[in-house]
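As provided, start-v3.cif (mmCIF, C-alpha atoms, pLDDT in the B column; chains and numbers go by the auth columns) reads as follows.
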data_protein
#
loop_
_atom_site.group_PDB
_atom_site.id
_atom_site.type_symbol
_atom_site.label_atom_id
_atom_site.label_comp_id
_atom_site.label_asym_id
_atom_site.label_seq_id
_atom_site.Cartn_x
_atom_site.Cartn_y
_atom_site.Cartn_z
_atom_site.B_iso_or_equiv
_atom_site.auth_seq_id
_atom_site.auth_asym_id
ATOM 1 C CA THR A 1 -190.528 -53.119 -124.082 84.00 17 A
ATOM 2 C CA GLY A 2 -188.860 -56.175 -122.545 94.00 18 A
ATOM 3 C CA THR A 3 -186.225 -55.981 -125.274 97.00 19 A
ATOM 4 C CA ILE A 4 -182.475 -55.737 -124.689 97.00 20 A
ATOM 5 C CA PHE A 5 -180.449 -53.512 -126.995 96.00 21 A
ATOM 6 C CA LYS A 6 -176.753 -53.383 -127.761 95.00 22 A
ATOM 7 C CA VAL A 7 -175.378 -49.924 -128.579 95.00 23 A
ATOM 8 C CA ASP A 8 -172.309 -49.442 -130.749 93.00 24 A
ATOM 9 C CA PRO A 9 -170.214 -46.917 -128.806 93.00 25 A
ATOM 10 C CA ASP A 10 -168.609 -45.572 -131.998 95.00 26 A
ATOM 11 C CA THR A 11 -171.797 -44.884 -133.946 96.00 27 A
ATOM 12 C CA GLY A 12 -174.520 -44.781 -131.296 96.00 28 A
ATOM 13 C CA VAL A 13 -176.555 -47.238 -133.366 97.00 29 A
ATOM 14 C CA ALA A 14 -178.714 -49.558 -131.251 97.00 30 A
ATOM 15 C CA SER A 15 -179.601 -53.085 -132.318 97.00 31 A
ATOM 16 C CA THR A 16 -181.846 -55.658 -130.706 97.00 32 A
ATOM 17 C CA VAL A 17 -180.212 -58.577 -128.877 98.00 33 A
ATOM 18 C CA ASP A 18 -181.952 -61.805 -129.948 98.00 34 A
ATOM 19 C CA LEU A 19 -182.816 -63.671 -126.746 98.00 35 A
ATOM 20 C CA GLY A 20 -184.666 -66.487 -128.486 96.00 36 A
ATOM 21 C CA GLY A 21 -188.083 -65.013 -127.784 96.00 37 A
ATOM 22 C CA TYR A 22 -187.491 -64.391 -124.073 97.00 38 A
ATOM 23 C CA VAL A 23 -189.036 -61.083 -123.036 97.00 39 A
ATOM 24 C CA VAL A 24 -187.216 -59.324 -120.204 97.00 40 A
ATOM 25 C CA THR A 25 -190.406 -58.095 -118.523 96.00 41 A
ATOM 26 C CA ASN A 26 -189.742 -55.412 -115.900 95.00 42 A
ATOM 27 C CA GLY A 27 -186.085 -55.341 -116.957 94.00 43 A
ATOM 28 C CA ASP A 28 -184.025 -52.977 -114.847 91.00 44 A
ATOM 29 C CA GLY A 29 -180.360 -53.507 -113.949 92.00 45 A
ATOM 30 C CA LEU A 30 -178.025 -55.211 -116.401 94.00 46 A
ATOM 31 C CA LEU A 31 -174.632 -56.766 -115.784 93.00 47 A
ATOM 32 C CA VAL A 32 -172.376 -58.322 -118.416 93.00 48 A
ATOM 33 C CA ILE A 33 -169.366 -60.394 -117.395 89.00 49 A
ATOM 34 C CA GLY A 34 -167.584 -61.999 -120.297 89.00 50 A
ATOM 35 C CA ARG A 35 -170.320 -63.597 -122.374 95.00 51 A
ATOM 36 C CA THR A 36 -172.846 -63.799 -119.544 94.00 52 A
ATOM 37 C CA LEU A 37 -175.683 -61.275 -119.288 96.00 53 A
ATOM 38 C CA TYR A 38 -177.573 -60.867 -116.006 94.00 54 A
ATOM 39 C CA ALA A 39 -180.889 -59.033 -116.412 96.00 55 A
ATOM 40 C CA VAL A 40 -182.691 -57.963 -113.233 97.00 56 A
ATOM 41 C CA GLN A 41 -186.481 -58.253 -113.528 97.00 57 A
ATOM 42 C CA ASN A 42 -187.556 -56.061 -110.636 96.00 58 A
ATOM 43 C CA GLN A 43 -191.284 -56.675 -110.139 96.00 59 A
ATOM 44 C CA LEU A 44 -190.778 -60.390 -110.835 96.00 60 A
ATOM 45 C CA ASN A 45 -188.060 -60.622 -108.162 96.00 61 A
ATOM 46 C CA LYS A 46 -185.714 -62.573 -110.398 96.00 62 A
ATOM 47 C CA VAL A 47 -182.560 -62.295 -112.448 95.00 63 A
ATOM 48 C CA ALA A 48 -182.520 -63.863 -115.905 97.00 64 A
ATOM 49 C CA VAL A 49 -179.114 -65.230 -116.926 96.00 65 A
ATOM 50 C CA PHE A 50 -178.153 -65.518 -120.595 98.00 66 A
ATOM 51 C CA ASP A 51 -175.156 -66.909 -122.466 98.00 67 A
ATOM 52 C CA LEU A 52 -174.275 -64.457 -125.249 97.00 68 A
ATOM 53 C CA ASN A 53 -172.552 -65.126 -128.544 98.00 69 A
ATOM 54 C CA ALA A 54 -169.144 -63.524 -129.145 96.00 70 A
ATOM 55 C CA ALA A 55 -170.698 -60.467 -130.824 95.00 71 A
ATOM 56 C CA GLY A 56 -173.226 -59.961 -128.021 95.00 72 A
ATOM 57 C CA THR A 57 -176.053 -59.968 -130.540 96.00 73 A
ATOM 58 C CA LYS A 58 -177.721 -63.254 -129.569 98.00 74 A
ATOM 59 C CA GLY A 59 -178.255 -65.003 -126.264 98.00 75 A
ATOM 60 C CA SER A 60 -179.936 -68.009 -124.740 98.00 76 A
ATOM 61 C CA LEU A 61 -181.514 -68.249 -121.301 98.00 77 A
ATOM 62 C CA VAL A 62 -179.493 -70.571 -119.088 97.00 78 A
ATOM 63 C CA ASN A 63 -180.889 -69.811 -115.630 96.00 79 A
ATOM 64 C CA THR A 64 -183.186 -67.638 -113.585 96.00 80 A
ATOM 65 C CA ILE A 65 -182.093 -66.635 -110.115 94.00 81 A
ATOM 66 C CA THR A 66 -184.732 -66.096 -107.452 94.00 82 A
ATOM 67 C CA ASP A 67 -184.417 -65.664 -103.738 93.00 83 A
ATOM 68 C CA PRO A 68 -187.009 -65.030 -101.011 94.00 84 A
ATOM 69 C CA ARG A 69 -184.873 -62.074 -99.900 93.00 85 A
ATOM 70 C CA PHE A 70 -185.416 -60.258 -103.204 93.00 86 A
ATOM 71 C CA ASP A 71 -187.718 -57.269 -102.698 95.00 87 A
ATOM 72 C CA VAL A 72 -188.065 -55.605 -106.101 95.00 88 A
ATOM 73 C CA PRO A 73 -184.347 -55.623 -107.034 93.00 89 A
ATOM 74 C CA THR A 74 -183.361 -52.748 -109.293 90.00 90 A
ATOM 75 C CA THR A 75 -179.694 -53.189 -110.100 88.00 91 A
ATOM 76 C CA ALA A 76 -176.993 -55.810 -110.451 85.00 92 A
ATOM 77 C CA ALA A 77 -173.434 -56.061 -109.189 80.00 93 A
ATOM 78 C CA ALA A 78 -170.925 -58.904 -109.214 79.00 94 A
ATOM 79 C CA PHE A 79 -170.715 -59.044 -105.413 72.00 95 A
ATOM 80 C CA GLY A 80 -173.200 -61.388 -103.750 62.00 96 A
ATOM 81 C CA ILE A 81 -174.487 -63.371 -106.731 59.00 97 A
ATOM 82 C CA PRO A 82 -173.133 -66.953 -106.440 64.00 98 A
ATOM 83 C CA GLU A 83 -173.292 -67.618 -110.205 58.00 99 A
ATOM 84 C CA VAL A 84 -171.220 -64.485 -110.862 55.00 100 A
ATOM 85 C CA LYS A 85 -168.647 -65.490 -108.276 53.00 101 A
ATOM 86 C CA ARG A 86 -168.282 -68.892 -109.952 54.00 102 A
ATOM 87 C CA SER A 87 -167.947 -67.340 -113.420 50.00 103 A
ATOM 88 C CA LEU A 88 -165.144 -65.094 -112.141 47.00 104 A
ATOM 89 C CA GLY A 89 -163.251 -68.141 -110.914 46.00 105 A
#
Kindly present the structure from the file in structure tokens form.
Amino acid sequence: TGTIFKVDPDTGVASTVDLGGYVVTNGDGLLVIGRTLYAVQNQLNKVAVFDLNAAGTKGSLVNTITDPRFDVPTTAAAFGIPEVKRSLG
């Protein structure tokens, strides 16, 4: 659907994360570090980066990461992404 959902682990209730109209087309791997969400968009060979509010219910696009070495990425991990390394200090 291109929509990101947040699931309450206590109730199992899912709610839509408002990304300001951004559609995460071909969304695959997700990584959240602090208030930063990294959403891998596999067929587009990019990672969309969002700043989330404290509740994790709303986010704004702050960057898209692309690299000629991407070949349909399908997951995300903190190792190897420069922006993640910087956010970890």
Residues near Leu35 in chain A, anyone? I mean within 7 Å using all atoms listed in the file, not counting same-chain ones fewer than 3 positions away, as a PDB file with C-alpha atoms, keeping the file's coordinate frame.
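Saved as out06.pdb:
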ATOM      1  CA  TYR A  38    -187.491 -64.391-124.073  1.00 97.00           C
ATOM      2  CA  LYS A  74    -177.721 -63.254-129.569  1.00 98.00           C
ATOM      3  CA  GLY A  75    -178.255 -65.003-126.264  1.00 98.00           C
ATOM      4  CA  SER A  76    -179.936 -68.009-124.740  1.00 98.00           C
TER       5      SER A  76
END
Box along x, y and z, 6 Å on every side, all listed atoms of range 51-58 of chain A inside: centre and edge lengths in Å to one decimal, as lines of an AutoDock Vina configuration file.
center_x = -178.9
center_y = -59.9
center_z = -116.5
size_x = 29.2
size_y = 19.7
size_z = 23.7
Problem - Polymer residues at most 9 Å from Val39 in chain A, all atoms listed in the file, same-chain spacing of 3 or more positions, as a ChimeraX atom specification - result: /A:17-20,35-36,43
Exercise for the section: I would like the residues chosen by the PyMOL selection byres ((chain A and resi 22) around 9) on the shown file; could you give them as a count of residues only? Expected result: 11
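Closest approach to Gly50 in chain A among A:Leu68, A:Phe95, A:Gly28, A:Asp83 is made by A:Leu68 (distances from only C-alpha atoms).
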Exercise for the section: Using all atoms listed in the file, give me every residue within 8 Å of (-176.3, -58.3, -121.0) in file coordinates, as a PyMOL selection string. Expected result: chain A and resi 20+46-48+52-55+66+68+72
Can you write just those residues out, C-alpha atoms, as a PDB file, in the frame of the given file?
ATOM      1  CA  ILE A  20    -182.475 -55.737-124.689  1.00 97.00           C
ATOM      2  CA  LEU A  46    -178.025 -55.211-116.401  1.00 94.00           C
ATOM      3  CA  LEU A  47    -174.632 -56.766-115.784  1.00 93.00           C
ATOM      4  CA  VAL A  48    -172.376 -58.322-118.416  1.00 93.00           C
ATOM      5  CA  THR A  52    -172.846 -63.799-119.544  1.00 94.00           C
ATOM      6  CA  LEU A  53    -175.683 -61.275-119.288  1.00 96.00           C
ATOM      7  CA  TYR A  54    -177.573 -60.867-116.006  1.00 94.00           C
ATOM      8  CA  ALA A  55    -180.889 -59.033-116.412  1.00 96.00           C
ATOM      9  CA  PHE A  66    -178.153 -65.518-120.595  1.00 98.00           C
ATOM     10  CA  LEU A  68    -174.275 -64.457-125.249  1.00 97.00           C
ATOM     11  CA  GLY A  72    -173.226 -59.961-128.021  1.00 95.00           C
TER      12      GLY A  72
END
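Minimum distance to Ala94 in chain A across A:Thr82, A:Val56, A:Ile49, A:Ala71 (counting only C-alpha atoms) occurs at A:Ile49.
Of the listed residues (A:Asp44, A:Asp26, A:Asp87, A:Asp34), A:Asp44 comes nearest to Gln57 in chain A; the distances count only C-alpha atoms.
For the structure shown here, the set of residues caught by the PyMOL selection byres ((chain A and resi 59) around 8) is Asn42, Gln57, Asn58, Leu60, Asn61, Val88 and Pro89 of chain A.
Picture a line from CA of Val63 in chain A to CA of Thr41 in chain A; it runs 10.8 Å.
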Practice task
Kindly give the distance, in Å, that separates CA of Ala93 in chain A and CA of Asp67 in chain A, rounded to a single decimal.
Solution key: 17.2 Å
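Closest approach to Lys62 in chain A from the set A:Val78, A:Thr27, A:Thr90, A:Gly37 is made by A:Thr90, with distances taken over all atoms listed in the file.
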How about completing range 56-69 of chain A with N, CA and C atoms and giving it to me as a CSV table (one decimal), in the coordinates of the input?
chain,number,residue,atom,x,y,z
A,56,VAL,N,-181.8,-58.0,-114.4
A,56,VAL,CA,-182.7,-58.0,-113.2
A,56,VAL,C,-184.1,-57.7,-113.7
A,57,GLN,N,-185.1,-58.5,-113.2
A,57,GLN,CA,-186.5,-58.3,-113.5
A,57,GLN,C,-187.2,-57.9,-112.2
A,58,ASN,N,-187.2,-56.6,-112.0
A,58,ASN,CA,-187.6,-56.1,-110.6
A,58,ASN,C,-188.9,-56.6,-110.1
A,59,GLN,N,-190.0,-56.3,-110.7
A,59,GLN,CA,-191.3,-56.7,-110.1
A,59,GLN,C,-191.5,-58.2,-110.1
A,60,LEU,N,-190.7,-58.9,-110.9
A,60,LEU,CA,-190.8,-60.4,-110.8
A,60,LEU,C,-189.8,-61.0,-109.8
A,61,ASN,N,-189.0,-60.2,-109.2
A,61,ASN,CA,-188.1,-60.6,-108.2
A,61,ASN,C,-187.2,-61.8,-108.7
A,62,LYS,N,-186.6,-61.6,-109.9
A,62,LYS,CA,-185.7,-62.6,-110.4
A,62,LYS,C,-184.7,-61.9,-111.3
A,63,VAL,N,-183.6,-62.7,-111.5
A,63,VAL,CA,-182.6,-62.3,-112.4
A,63,VAL,C,-182.5,-63.4,-113.5
A,64,ALA,N,-182.7,-62.9,-114.8
A,64,ALA,CA,-182.5,-63.9,-115.9
A,64,ALA,C,-181.1,-63.9,-116.3
A,65,VAL,N,-180.5,-65.1,-116.6
A,65,VAL,CA,-179.1,-65.2,-116.9
A,65,VAL,C,-179.0,-65.8,-118.3
A,66,PHE,N,-178.3,-65.1,-119.2
A,66,PHE,CA,-178.2,-65.5,-120.6
A,66,PHE,C,-176.7,-65.7,-121.0
A,67,ASP,N,-176.4,-66.7,-121.8
A,67,ASP,CA,-175.2,-66.9,-122.5
A,67,ASP,C,-175.3,-66.1,-123.8
A,68,LEU,N,-174.3,-65.3,-124.0
A,68,LEU,CA,-174.3,-64.5,-125.2
A,68,LEU,C,-173.3,-65.0,-126.3
A,69,ASN,N,-173.5,-64.8,-127.5
A,69,ASN,CA,-172.6,-65.1,-128.5
A,69,ASN,C,-171.4,-64.1,-128.5
